[in-house]
>>> print(open('upload.cif').read())   # mmCIF, C-alpha atoms and all ligand atoms
data_entry
#
loop_
_atom_site.label_atom_id
_atom_site.label_comp_id
_atom_site.auth_asym_id
_atom_site.auth_seq_id
_atom_site.Cartn_x
_atom_site.Cartn_y
_atom_site.Cartn_z
CA MET A 64 0.00 0.00 0.00
CA ASN A 65 1.12 3.56 -0.44
CA SER A 66 2.84 5.26 2.44
CA PRO A 67 0.63 7.42 4.63
CA ASP A 68 2.33 10.65 3.56
CA GLU A 69 1.20 9.98 0.01
CA ALA A 70 -2.30 9.19 1.16
CA PRO A 71 -4.24 12.37 1.97
CA LYS A 72 -5.68 13.59 -1.29
CA LEU A 73 -8.57 15.85 -2.03
CA ARG A 74 -9.62 13.66 -4.87
CA ILE A 75 -8.82 10.08 -5.61
CA GLY A 76 -7.58 9.74 -9.16
CA ARG A 77 -6.17 6.87 -11.11
CA ARG A 78 -2.58 7.65 -10.19
CA ASP A 79 -3.54 7.61 -6.56
CA ILE A 80 -5.35 4.32 -6.76
CA PHE A 81 -2.71 2.29 -8.47
CA THR A 82 0.94 1.70 -7.82
CA ALA A 83 2.63 -0.83 -10.00
CA VAL A 84 5.02 -3.05 -8.09
CA GLY A 85 6.07 -5.46 -10.78
CA ALA A 86 5.78 -5.20 -14.50
CA ALA A 87 6.83 -6.79 -17.71
CA ALA A 88 5.94 -5.79 -21.20
CA VAL A 89 5.86 -8.73 -23.49
CA GLY A 90 5.52 -8.68 -27.24
CA GLY A 91 4.39 -11.31 -29.69
CA VAL A 92 2.18 -13.58 -27.70
CA ALA A 93 1.56 -17.13 -28.86
CA GLY A 94 -1.24 -19.05 -27.30
CA TRP A 95 -2.44 -22.56 -27.35
CA ALA A 96 -4.88 -24.48 -25.27
CA LEU A 97 -4.40 -27.82 -23.69
CA ARG A 98 -7.53 -29.13 -22.13
CA GLY A 99 -7.61 -30.75 -18.74
CA THR A 100 -7.51 -34.08 -20.45
CA GLY A 101 -4.28 -33.15 -22.19
CA SER A 102 -5.16 -32.86 -25.85
CA GLU A 103 -2.72 -31.64 -28.46
CA PRO A 104 -1.83 -27.97 -28.82
CA VAL A 105 -4.30 -26.28 -31.13
CA ALA A 106 -2.22 -23.36 -32.31
CA ALA A 107 1.16 -21.87 -32.98
CA ASP A 108 4.35 -23.79 -32.74
CA PRO A 109 6.52 -20.78 -31.89
CA ALA A 110 9.11 -21.40 -34.59
CA PRO A 111 11.29 -18.49 -35.69
CA SER A 112 10.13 -18.82 -39.26
CA GLN A 113 6.56 -18.55 -38.13
CA ALA A 114 5.63 -15.53 -36.07
CA PRO A 115 3.34 -16.33 -33.17
CA SER A 116 -0.05 -16.31 -34.68
CA ALA A 117 -3.31 -15.25 -33.20
CA ALA A 118 -6.64 -15.52 -34.92
CA PRO A 119 -8.73 -12.40 -34.38
CA ALA A 120 -11.91 -14.02 -35.58
CA GLY A 121 -11.87 -17.20 -33.51
CA GLY A 122 -9.83 -15.97 -30.57
CA VAL A 123 -6.81 -17.54 -28.96
CA PRO A 124 -6.87 -19.52 -25.70
CA GLY A 125 -5.41 -17.54 -22.85
CA ILE A 126 -6.01 -14.29 -24.71
CA THR A 127 -9.63 -14.04 -25.81
CA LEU A 128 -10.64 -17.59 -24.92
CA PRO A 129 -12.26 -18.84 -22.88
CA ALA A 130 -14.64 -15.87 -23.07
CA VAL A 131 -14.95 -15.98 -19.28
CA PRO A 132 -11.36 -16.05 -18.01
CA GLN A 133 -10.49 -19.07 -15.88
CA ARG A 134 -10.53 -18.48 -12.14
CA HIS A 135 -6.83 -19.05 -11.49
CA ALA A 136 -3.64 -17.94 -13.15
CA ARG A 137 0.06 -18.38 -12.60
CA LEU A 138 2.25 -15.97 -14.47
CA THR A 139 5.97 -16.65 -14.68
CA VAL A 140 8.53 -14.37 -16.27
CA LEU A 141 11.76 -16.18 -17.08
CA ALA A 142 15.19 -14.71 -17.59
CA VAL A 143 16.61 -16.84 -20.39
CA ASP A 144 20.38 -16.55 -20.87
CA GLY A 145 21.86 -16.70 -24.30
CA PRO A 146 20.78 -15.69 -27.78
CA ALA A 147 17.21 -15.43 -29.04
CA ALA A 148 17.55 -18.98 -30.32
CA ALA A 149 17.75 -20.13 -26.70
CA VAL A 150 14.43 -18.41 -26.03
CA ILE A 151 12.80 -20.15 -28.97
CA ASP A 152 14.27 -23.41 -27.78
CA ALA A 153 12.71 -22.84 -24.35
CA ALA A 154 9.37 -21.98 -25.99
CA ARG A 155 9.50 -25.18 -28.01
CA ARG A 156 10.15 -27.23 -24.92
CA ILE A 157 7.18 -25.57 -23.23
CA ALA A 158 4.99 -26.34 -26.23
CA ALA A 159 5.95 -29.99 -25.98
CA VAL A 160 4.85 -30.32 -22.35
CA ASP A 161 1.55 -32.01 -21.69
CA PRO A 162 0.17 -29.98 -18.78
CA ALA A 163 -2.85 -32.27 -18.31
CA GLN A 164 -4.62 -31.71 -15.01
CA PRO A 165 -7.62 -33.32 -13.32
CA ALA A 166 -10.86 -32.60 -15.12
CA ASP A 167 -11.96 -30.05 -12.52
CA ALA A 168 -9.14 -27.78 -13.75
CA GLY A 169 -11.36 -27.15 -16.78
CA GLU A 170 -9.73 -25.63 -19.80
CA VAL A 171 -6.03 -25.20 -19.06
CA SER A 172 -4.54 -22.54 -21.29
CA VAL A 173 -0.85 -21.92 -21.75
CA THR A 174 0.14 -18.62 -23.32
CA ILE A 175 3.70 -17.62 -24.08
CA GLY A 176 4.96 -14.09 -24.61
CA PHE A 177 8.32 -13.05 -25.96
CA ALA A 178 9.96 -9.91 -24.55
CA PRO A 179 10.10 -7.04 -27.05
CA HIS A 180 13.87 -7.29 -27.57
CA ILE A 181 13.56 -11.01 -28.32
CA ALA A 182 10.54 -10.62 -30.60
CA ARG A 183 12.35 -7.90 -32.56
CA GLU A 184 15.30 -10.18 -33.11
CA LEU A 185 13.21 -13.19 -34.05
CA TRP A 186 10.70 -11.44 -36.28
CA PRO A 187 12.37 -8.22 -37.49
CA GLU A 188 9.74 -7.78 -40.18
CA ARG A 189 6.88 -7.68 -37.66
CA ALA A 190 5.85 -4.76 -35.53
CA THR A 191 6.73 -5.46 -31.90
CA ALA A 192 5.86 -3.78 -28.63
CA GLU A 193 8.32 -1.55 -26.82
CA ALA A 194 9.36 -2.16 -23.23
CA LEU A 195 7.20 -0.08 -20.91
CA PRO A 196 8.63 3.25 -19.82
CA ARG A 197 8.92 4.02 -16.12
CA PHE A 198 5.73 5.49 -14.71
CA ALA A 199 5.71 8.12 -11.99
CA SER A 200 3.95 5.82 -9.53
CA ASP A 201 6.13 2.78 -10.16
CA ALA A 202 7.72 1.33 -7.04
CA ASP A 203 11.49 1.90 -6.82
CA ASP A 204 12.16 -1.82 -6.66
CA ILE A 205 9.88 -2.68 -9.57
CA VAL A 206 10.93 -5.87 -11.31
CA GLU A 207 11.44 -5.47 -15.03
CA GLY A 208 12.96 -7.46 -17.81
CA GLY A 209 12.94 -11.15 -18.57
CA GLU A 210 12.75 -12.85 -21.93
CA LEU A 211 9.80 -15.19 -21.79
CA ALA A 212 6.44 -14.89 -20.04
CA ILE A 213 4.30 -17.95 -19.42
CA GLN A 214 0.69 -17.44 -18.45
CA VAL A 215 -1.09 -20.58 -17.31
CA CYS A 216 -4.79 -20.34 -16.52
CA ALA A 217 -7.12 -22.99 -15.12
CA GLU A 218 -10.35 -23.18 -13.14
CA THR A 219 -8.55 -24.47 -10.04
CA ALA A 220 -5.44 -23.20 -8.24
CA PRO A 221 -3.84 -26.67 -8.24
CA GLY A 222 -4.56 -26.86 -11.97
CA ALA A 223 -2.77 -23.60 -12.75
CA ARG A 224 0.11 -24.36 -10.41
CA GLY A 225 0.42 -27.99 -11.44
CA ALA A 226 0.52 -27.18 -15.14
CA SER A 227 3.06 -24.39 -14.52
CA ALA A 228 5.22 -26.70 -12.44
CA ARG A 229 5.29 -29.28 -15.21
CA ILE A 230 6.27 -26.64 -17.73
CA LEU A 231 8.94 -25.09 -15.54
CA GLY A 232 10.31 -28.54 -14.80
CA GLU A 233 11.42 -28.64 -18.41
CA ILE A 234 13.17 -25.28 -18.31
CA SER A 235 16.28 -24.45 -16.34
CA SER A 236 15.99 -20.66 -16.75
CA ARG A 237 15.86 -18.38 -13.73
CA ILE A 238 12.44 -17.14 -12.66
CA ALA A 239 12.57 -13.32 -12.73
CA TRP A 240 9.16 -13.07 -11.10
CA GLN A 241 6.05 -15.05 -10.61
CA ALA A 242 2.54 -14.24 -9.46
CA ASP A 243 -0.51 -16.30 -8.60
CA GLY A 244 -3.82 -14.63 -9.31
CA TYR A 245 -7.42 -15.54 -8.71
CA ARG A 246 -10.81 -14.28 -9.77
CA ASP A 247 -14.06 -14.61 -7.90
CA ALA A 248 -16.91 -16.74 -9.30
CA PRO A 249 -18.12 -15.10 -12.50
CA THR A 250 -21.56 -13.62 -12.97
CA PRO A 251 -23.64 -14.91 -15.91
CA GLU A 252 -22.19 -12.01 -17.93
CA GLY A 253 -18.66 -13.20 -17.18
CA THR A 254 -17.77 -10.28 -14.93
CA ALA A 255 -16.36 -10.76 -11.44
CA ARG A 256 -16.03 -8.70 -8.28
CA THR A 257 -12.37 -8.02 -7.56
CA ASN A 258 -10.64 -7.46 -4.24
CA ILE A 259 -11.29 -3.72 -4.36
CA GLY A 260 -14.97 -4.63 -4.08
CA PHE A 261 -15.95 -3.43 -7.56
CA ILE A 262 -17.19 -5.49 -10.47
CA ASP A 263 -14.60 -5.71 -13.23
CA GLY A 264 -14.63 -6.93 -16.80
CA ILE A 265 -17.80 -5.10 -17.80
CA ILE A 266 -16.47 -3.13 -20.72
CA LYS A 267 -14.11 -5.07 -22.94
CA PRO A 268 -13.74 -5.79 -26.64
CA ARG A 269 -16.09 -8.66 -27.51
CA SER A 270 -16.93 -8.44 -31.20
CA ALA A 271 -14.53 -9.47 -33.99
CA GLU A 272 -14.39 -5.79 -35.05
CA GLU A 273 -13.46 -4.61 -31.56
CA LEU A 274 -10.81 -7.31 -31.24
CA ALA A 275 -9.36 -6.46 -34.64
CA ALA A 276 -9.28 -2.77 -33.73
CA GLY A 277 -7.70 -2.96 -30.31
CA VAL A 278 -6.24 -6.39 -29.66
CA PHE A 279 -4.77 -7.95 -32.79
CA THR A 280 -2.57 -6.44 -35.48
CA ALA A 281 -3.41 -6.95 -39.15
CA GLN A 282 -0.90 -9.82 -39.04
CA GLY A 283 -2.79 -11.45 -36.18
CA ASP A 284 -0.16 -10.71 -33.53
CA THR A 285 -0.99 -9.30 -30.15
CA TYR A 286 0.91 -7.73 -27.26
CA ALA A 287 0.54 -8.33 -23.57
CA VAL A 288 1.35 -6.10 -20.66
CA PHE A 289 1.49 -7.57 -17.17
CA ARG A 290 1.30 -5.15 -14.28
CA ARG A 291 1.26 -6.05 -10.62
CA ILE A 292 -0.63 -3.21 -9.01
CA ARG A 293 -1.06 -2.16 -5.40
CA ILE A 294 -4.22 -0.40 -4.36
CA ALA A 295 -3.52 2.79 -2.42
CA GLN A 296 -4.66 2.84 1.20
CA SER A 297 -6.36 6.17 0.50
CA PHE A 298 -8.71 4.39 -1.89
CA LEU A 299 -9.45 1.58 0.56
CA ASP A 300 -10.10 4.13 3.33
CA ALA A 301 -12.43 6.26 1.20
CA SER A 302 -16.21 6.24 1.64
CA VAL A 303 -18.29 4.16 -0.76
CA ALA A 304 -19.28 7.37 -2.55
CA GLY A 305 -15.62 8.41 -2.76
CA GLN A 306 -14.62 5.05 -4.20
CA GLU A 307 -17.49 5.14 -6.67
CA GLY A 308 -16.36 8.59 -7.81
CA ALA A 309 -12.82 7.26 -8.27
CA ILE A 310 -14.03 4.38 -10.43
CA GLY A 311 -17.08 5.96 -12.10
CA ARG A 312 -19.43 3.05 -11.37
CA SER A 313 -21.59 1.83 -8.50
CA ARG A 314 -19.79 -0.48 -6.10
CA GLU A 315 -22.92 -2.51 -5.47
CA THR A 316 -24.07 -3.13 -9.03
CA GLY A 317 -21.32 -1.86 -11.34
CA ALA A 318 -23.83 0.45 -13.02
CA PRO A 319 -22.26 3.64 -14.43
CA LEU A 320 -22.72 6.77 -12.34
CA SER A 321 -24.13 8.31 -15.50
CA GLY A 322 -27.13 5.97 -15.23
CA GLY A 323 -28.30 2.67 -16.63
CA SER A 324 -27.50 -0.82 -15.42
CA THR A 325 -24.40 -2.95 -14.90
CA MET A 326 -23.50 -3.81 -18.47
CA ASP A 327 -24.15 -0.32 -19.81
CA GLU A 328 -21.49 1.92 -21.31
CA ILE A 329 -20.52 4.99 -19.36
CA ASP A 330 -21.89 8.26 -20.71
CA LEU A 331 -18.98 10.63 -20.22
CA PHE A 332 -21.09 13.65 -21.08
CA ALA A 333 -24.04 13.02 -18.74
CA LYS A 334 -24.60 15.93 -16.34
CA THR A 335 -26.69 16.73 -13.30
CA ASP A 336 -29.37 19.43 -13.47
CA ALA A 337 -26.70 21.74 -12.07
CA SER A 338 -24.47 20.94 -15.09
CA ARG A 339 -21.91 18.93 -13.18
CA THR A 340 -20.58 15.82 -14.94
CA LEU A 341 -21.87 12.63 -13.35
CA ILE A 342 -18.60 10.83 -14.07
CA PRO A 343 -15.88 12.78 -12.22
CA ALA A 344 -13.00 14.12 -14.28
CA ALA A 345 -10.50 11.79 -12.59
CA ALA A 346 -12.73 8.67 -12.56
CA HIS A 347 -10.82 5.58 -13.69
CA ALA A 348 -13.48 4.55 -16.19
CA ARG A 349 -13.32 8.04 -17.75
CA ARG A 350 -9.54 8.18 -17.90
CA ALA A 351 -9.33 4.68 -19.36
CA HIS A 352 -12.18 5.24 -21.80
CA PRO A 353 -11.30 4.97 -25.51
CA ALA A 354 -12.87 8.37 -26.11
CA ASN A 355 -10.48 9.84 -23.59
CA ILE A 356 -7.27 8.14 -24.64
CA GLY A 357 -7.98 8.11 -28.38
CA ARG A 358 -7.18 4.42 -28.70
CA PRO A 359 -9.43 1.39 -29.27
CA LEU A 360 -10.56 -0.63 -26.29
CA MET A 361 -7.89 -2.84 -24.76
CA LEU A 362 -8.51 -6.37 -23.53
CA ARG A 363 -8.13 -6.78 -19.79
CA ARG A 364 -7.76 -10.03 -17.90
CA SER A 365 -7.59 -9.05 -14.25
CA TYR A 366 -6.62 -11.29 -11.38
CA SER A 367 -6.35 -10.44 -7.69
CA ILE A 368 -3.01 -11.17 -6.06
CA ASP A 369 -2.39 -11.43 -2.33
CA ALA A 370 0.64 -10.16 -0.50
CA THR A 371 2.41 -13.06 1.22
CA PRO A 372 1.75 -12.99 4.96
CA GLY A 373 4.74 -13.72 7.13
CA ALA A 374 7.16 -12.87 4.35
CA GLY A 375 7.87 -9.40 5.67
CA PRO A 376 5.93 -6.17 5.72
CA SER A 377 3.00 -6.17 3.33
CA SER A 378 3.45 -2.47 2.72
CA PRO A 379 6.59 -0.46 2.09
CA PRO A 380 7.99 1.37 5.13
CA SER A 381 6.55 4.85 5.44
C1 LIG B 401 -5.71 -2.86 -9.84
C2 LIG B 401 -5.88 -2.12 -10.90
C3 LIG B 401 -7.22 -1.87 -11.56
C4 LIG B 401 -8.47 -2.03 -11.08
C5 LIG B 401 -8.88 -2.56 -9.70
C6 LIG B 401 -9.38 -1.63 -12.12
C7 LIG B 401 -10.76 -1.64 -12.00
C8 LIG B 401 -11.64 -1.27 -12.99
C9 LIG B 401 -13.06 -1.23 -12.85
C10 LIG B 401 -13.84 -1.57 -11.56
C11 LIG B 401 -13.59 -0.82 -14.02
C12 LIG B 401 -15.07 -0.57 -14.35
C13 LIG B 401 -15.80 -1.81 -14.75
C14 LIG B 401 -15.44 -2.35 -16.12
O1 LIG B 401 -15.62 -1.68 -17.16
O2 LIG B 401 -14.96 -3.49 -16.14
C15 LIG B 401 -12.47 -0.63 -14.94
C16 LIG B 401 -12.59 -0.25 -16.25
C17 LIG B 401 -11.53 -0.13 -17.11
N1 LIG B 401 -10.20 -0.22 -16.80
FE1 LIG B 401 -9.43 -0.67 -15.01
N2 LIG B 401 -8.66 -1.23 -13.20
C18 LIG B 401 -7.34 -1.36 -12.91
C19 LIG B 401 -6.27 -1.06 -13.72
C20 LIG B 401 -6.37 -0.68 -15.03
C21 LIG B 401 -5.25 -0.37 -15.88
C22 LIG B 401 -3.79 -0.39 -15.43
C23 LIG B 401 -5.78 -0.08 -17.10
C24 LIG B 401 -5.09 0.32 -18.37
C25 LIG B 401 -3.80 0.47 -18.52
C26 LIG B 401 -7.21 -0.22 -17.01
C27 LIG B 401 -8.10 -0.05 -18.06
C28 LIG B 401 -9.47 -0.06 -17.95
C29 LIG B 401 -10.37 0.13 -19.06
C30 LIG B 401 -9.97 0.34 -20.53
C31 LIG B 401 -11.68 0.10 -18.55
C32 LIG B 401 -12.98 0.25 -19.32
C33 LIG B 401 -13.32 1.70 -19.42
C34 LIG B 401 -14.59 1.92 -20.23
O3 LIG B 401 -14.49 2.02 -21.45
O4 LIG B 401 -15.69 2.00 -19.61
N3 LIG B 401 -7.54 -0.56 -15.74
N4 LIG B 401 -11.30 -0.90 -14.28
#
>>> encode(input="upload.cif", output="structure tokens")
Amino acid sequence: MNSPDEAPKLRIGRRDIFTAVGAAAVGGVAGWALRGTGSEPVAADPAPSQAPSAAPAGGVPGITLPAVPQRHARLTVLAVDGPAAAVIDAARRIAAVDPAQPADAGEVSVTIGFAPHIARELWPERATAEALPRFASDADDIVEGGELAIQVCAETAPGARGASARILGEISSRIAWQADGYRDAPTPEGTARTNIGFIDGIIKPRSAEELAAGVFTAQGDTYAVFRRIRIAQSFLDASVAGQEGAIGRSRETGAPLSGGSTMDEIDLFAKTDASRTLIPAAAHARRAHPANIGRPLMLRRSYSIDATPGAGPSSPPS
């Protein structure tokens, strides 16, 4: 959590809510699904001659599929020594692993991302993501870098961990960082209430057009950004109304403060009779809105992560 001297704020804005404590930008994501029963990979052998492919229309497991993200995830970022060929070799070994888990693990998806510097070297003719710049609210000891990201998702925690363990058992590379995430039981619409108490996953690209505009390049590639984010104590301490103003939606139902019900789009222009905007200027859903940033809608796959009790202070010293 943020230190108390950062906490008192007149208004809670996005910068105040979030502090990233670990991040990796990963370009060129290849995904394939291996069901709990351990069927064959259905997509993308990540060979250098073949850029990781993603199919905007059908979706790619671990990226757009399953439509309702699995309830558990283990993300591992590996530091792979050696040339880019060593990274491809590691990716191939991962692809060969059968991560079969008990049936209750549901659809187990394994998604691999190559760091921008590796993707550029392997596929110079393709557009690749850039490493993320430093953000003002990044923690000083933020973990960056790594060559290969492995996202394993499953419906059970043992499923995600077991499949990851099998994969990592084949790879001798150092783990740069790892995070276990979970999502609450989904609603029929596929949204879930996160640990900040708000419903998340309401607005996201769903149609083929939206996915083509904001998620996949014309070549069918996609880019992933992983951010480990701390919620500021000032947000947690705020009143319900204060938190709702910071997000722009009702905490109870997820309905936009501009009116309507849970699944409705926010109306950024809606005003009270006294001409005040119903969605505060600094509300997260306003700041992140495509109309505000001038970019198509991004795909989010959010998981809650717990600090590890007993492993030292859960908040930085103030
Ligand atoms: C722990 C960190 C975060 C939390 C708890 C959070 C929470 C939320 C919530 C509750 C909503 C409204 C419901 C919804 O539309 O699903 C939302 C919307 C959204 N968030 Fe976040 N968010 C976080 C970080 C981020 C970050 C880092 C980004 C982008 C870099 C982002 C992008 C978006 C977008 C694009 C929307 C949809 C806005 C719209 O068009 O209505 N969020 N977020």
>>> residues_near_ligand(input="upload.cif", ligand="ligand LIG 401 (chain B)", cutoff="8 Å", atoms="all atoms listed in the file", output="JSON list (two decimals) with C-alpha atoms, keeping the file's coordinate frame")
[["chain", "number", "residue", "atom", "x", "y", "z"],
["A", 80, "ILE", "CA", -5.35, 4.32, -6.76],
["A", 81, "PHE", "CA", -2.71, 2.29, -8.47],
["A", 254, "THR", "CA", -17.77, -10.28, -14.93],
["A", 257, "THR", "CA", -12.37, -8.02, -7.56],
["A", 258, "ASN", "CA", -10.64, -7.46, -4.24],
["A", 259, "ILE", "CA", -11.29, -3.72, -4.36],
["A", 261, "PHE", "CA", -15.95, -3.43, -7.56],
["A", 262, "ILE", "CA", -17.19, -5.49, -10.47],
["A", 263, "ASP", "CA", -14.60, -5.71, -13.23],
["A", 264, "GLY", "CA", -14.63, -6.93, -16.80],
["A", 265, "ILE", "CA", -17.80, -5.10, -17.80],
["A", 266, "ILE", "CA", -16.47, -3.13, -20.72],
["A", 267, "LYS", "CA", -14.11, -5.07, -22.94],
["A", 290, "ARG", "CA", 1.30, -5.15, -14.28],
["A", 291, "ARG", "CA", 1.26, -6.05, -10.62],
["A", 292, "ILE", "CA", -0.63, -3.21, -9.01],
["A", 293, "ARG", "CA", -1.06, -2.16, -5.40],
["A", 294, "ILE", "CA", -4.22, -0.40, -4.36],
["A", 310, "ILE", "CA", -14.03, 4.38, -10.43],
["A", 311, "GLY", "CA", -17.08, 5.96, -12.10],
["A", 312, "ARG", "CA", -19.43, 3.05, -11.37],
["A", 317, "GLY", "CA", -21.32, -1.86, -11.34],
["A", 328, "GLU", "CA", -21.49, 1.92, -21.31],
["A", 329, "ILE", "CA", -20.52, 4.99, -19.36],
["A", 347, "HIS", "CA", -10.82, 5.58, -13.69],
["A", 348, "ALA", "CA", -13.48, 4.55, -16.19],
["A", 349, "ARG", "CA", -13.32, 8.04, -17.75],
["A", 350, "ARG", "CA", -9.54, 8.18, -17.90],
["A", 351, "ALA", "CA", -9.33, 4.68, -19.36],
["A", 352, "HIS", "CA", -12.18, 5.24, -21.80],
["A", 353, "PRO", "CA", -11.30, 4.97, -25.51],
["A", 360, "LEU", "CA", -10.56, -0.63, -26.29],
["A", 361, "MET", "CA", -7.89, -2.84, -24.76],
["A", 362, "LEU", "CA", -8.51, -6.37, -23.53],
["A", 363, "ARG", "CA", -8.13, -6.78, -19.79],
["A", 365, "SER", "CA", -7.59, -9.05, -14.25],
["A", 367, "SER", "CA", -6.35, -10.44, -7.69]]
>>> atom_distance(input="upload.cif", atom1="atom CA of Pro319 of chain A", atom2="atom CA of Tyr366 of chain A")
21.8 Å
>>> closest_residue(input="upload.cif", among="A:Arg156, A:Arg134, A:Arg183, A:Arg256", to="Glu315 of chain A", atoms="only C-alpha atoms")
A:Arg256
>>> closest_residue(input="upload.cif", among="A:Thr127, A:Ala370, A:Pro251, A:Ala178", to="Gly209 of chain A", atoms="all atoms listed in the file")
A:Ala178
>>> closest_residue(input="upload.cif", among="A:Ile342, A:Ala168, A:Ala255, A:Ile213", to="Thr325 of chain A", atoms="all atoms listed in the file")
A:Ala255
>>> closest_residue(input="upload.cif", among="A:Ala194, A:Ala287, A:Asp243, A:Val171", to="Ala212 of chain A", atoms="all atoms listed in the file")
A:Ala287
>>> atom_distance(input="upload.cif", atom1="atom CA of Ala354 of chain A", atom2="atom CA of Ala309 of chain A")
17.9 Å
>>> closest_residue(input="upload.cif", among="A:Glu218, A:Ala295, A:Gly169, A:Glu210", to="Asp247 of chain A", atoms="all atoms listed in the file")
A:Glu218
>>> closest_residue(input="upload.cif", among="A:Val215, A:Ile230, A:Ala242, A:Val303", to="Gln133 of chain A", atoms="only C-alpha atoms")
A:Val215
>>> atom_distance(input="upload.cif", atom1="atom CA of Gln306 of chain A", atom2="atom CA of Pro268 of chain A")
24.9 Å
>>> axis_aligned_box(input="upload.cif", around="segment 176-190 of chain A", padding_each_side="5 Å", output="AutoDock Vina command-line options")
--center_x 10.1 --center_y -9.4 --center_z -32.4 --size_x 20.3 --size_y 19.3 --size_z 25.6
>>> residues_around(input="upload.cif", residues="Gly145 of chain A", least_positions_apart="3", cutoff="12 Å", atoms="all atoms listed in the file", output="list in words")
Ala142, Ala148, Ala149, Val150, Ile151, Asp152, Ala153, Ile181, Gly209, Glu210 and Ser236 of chain A
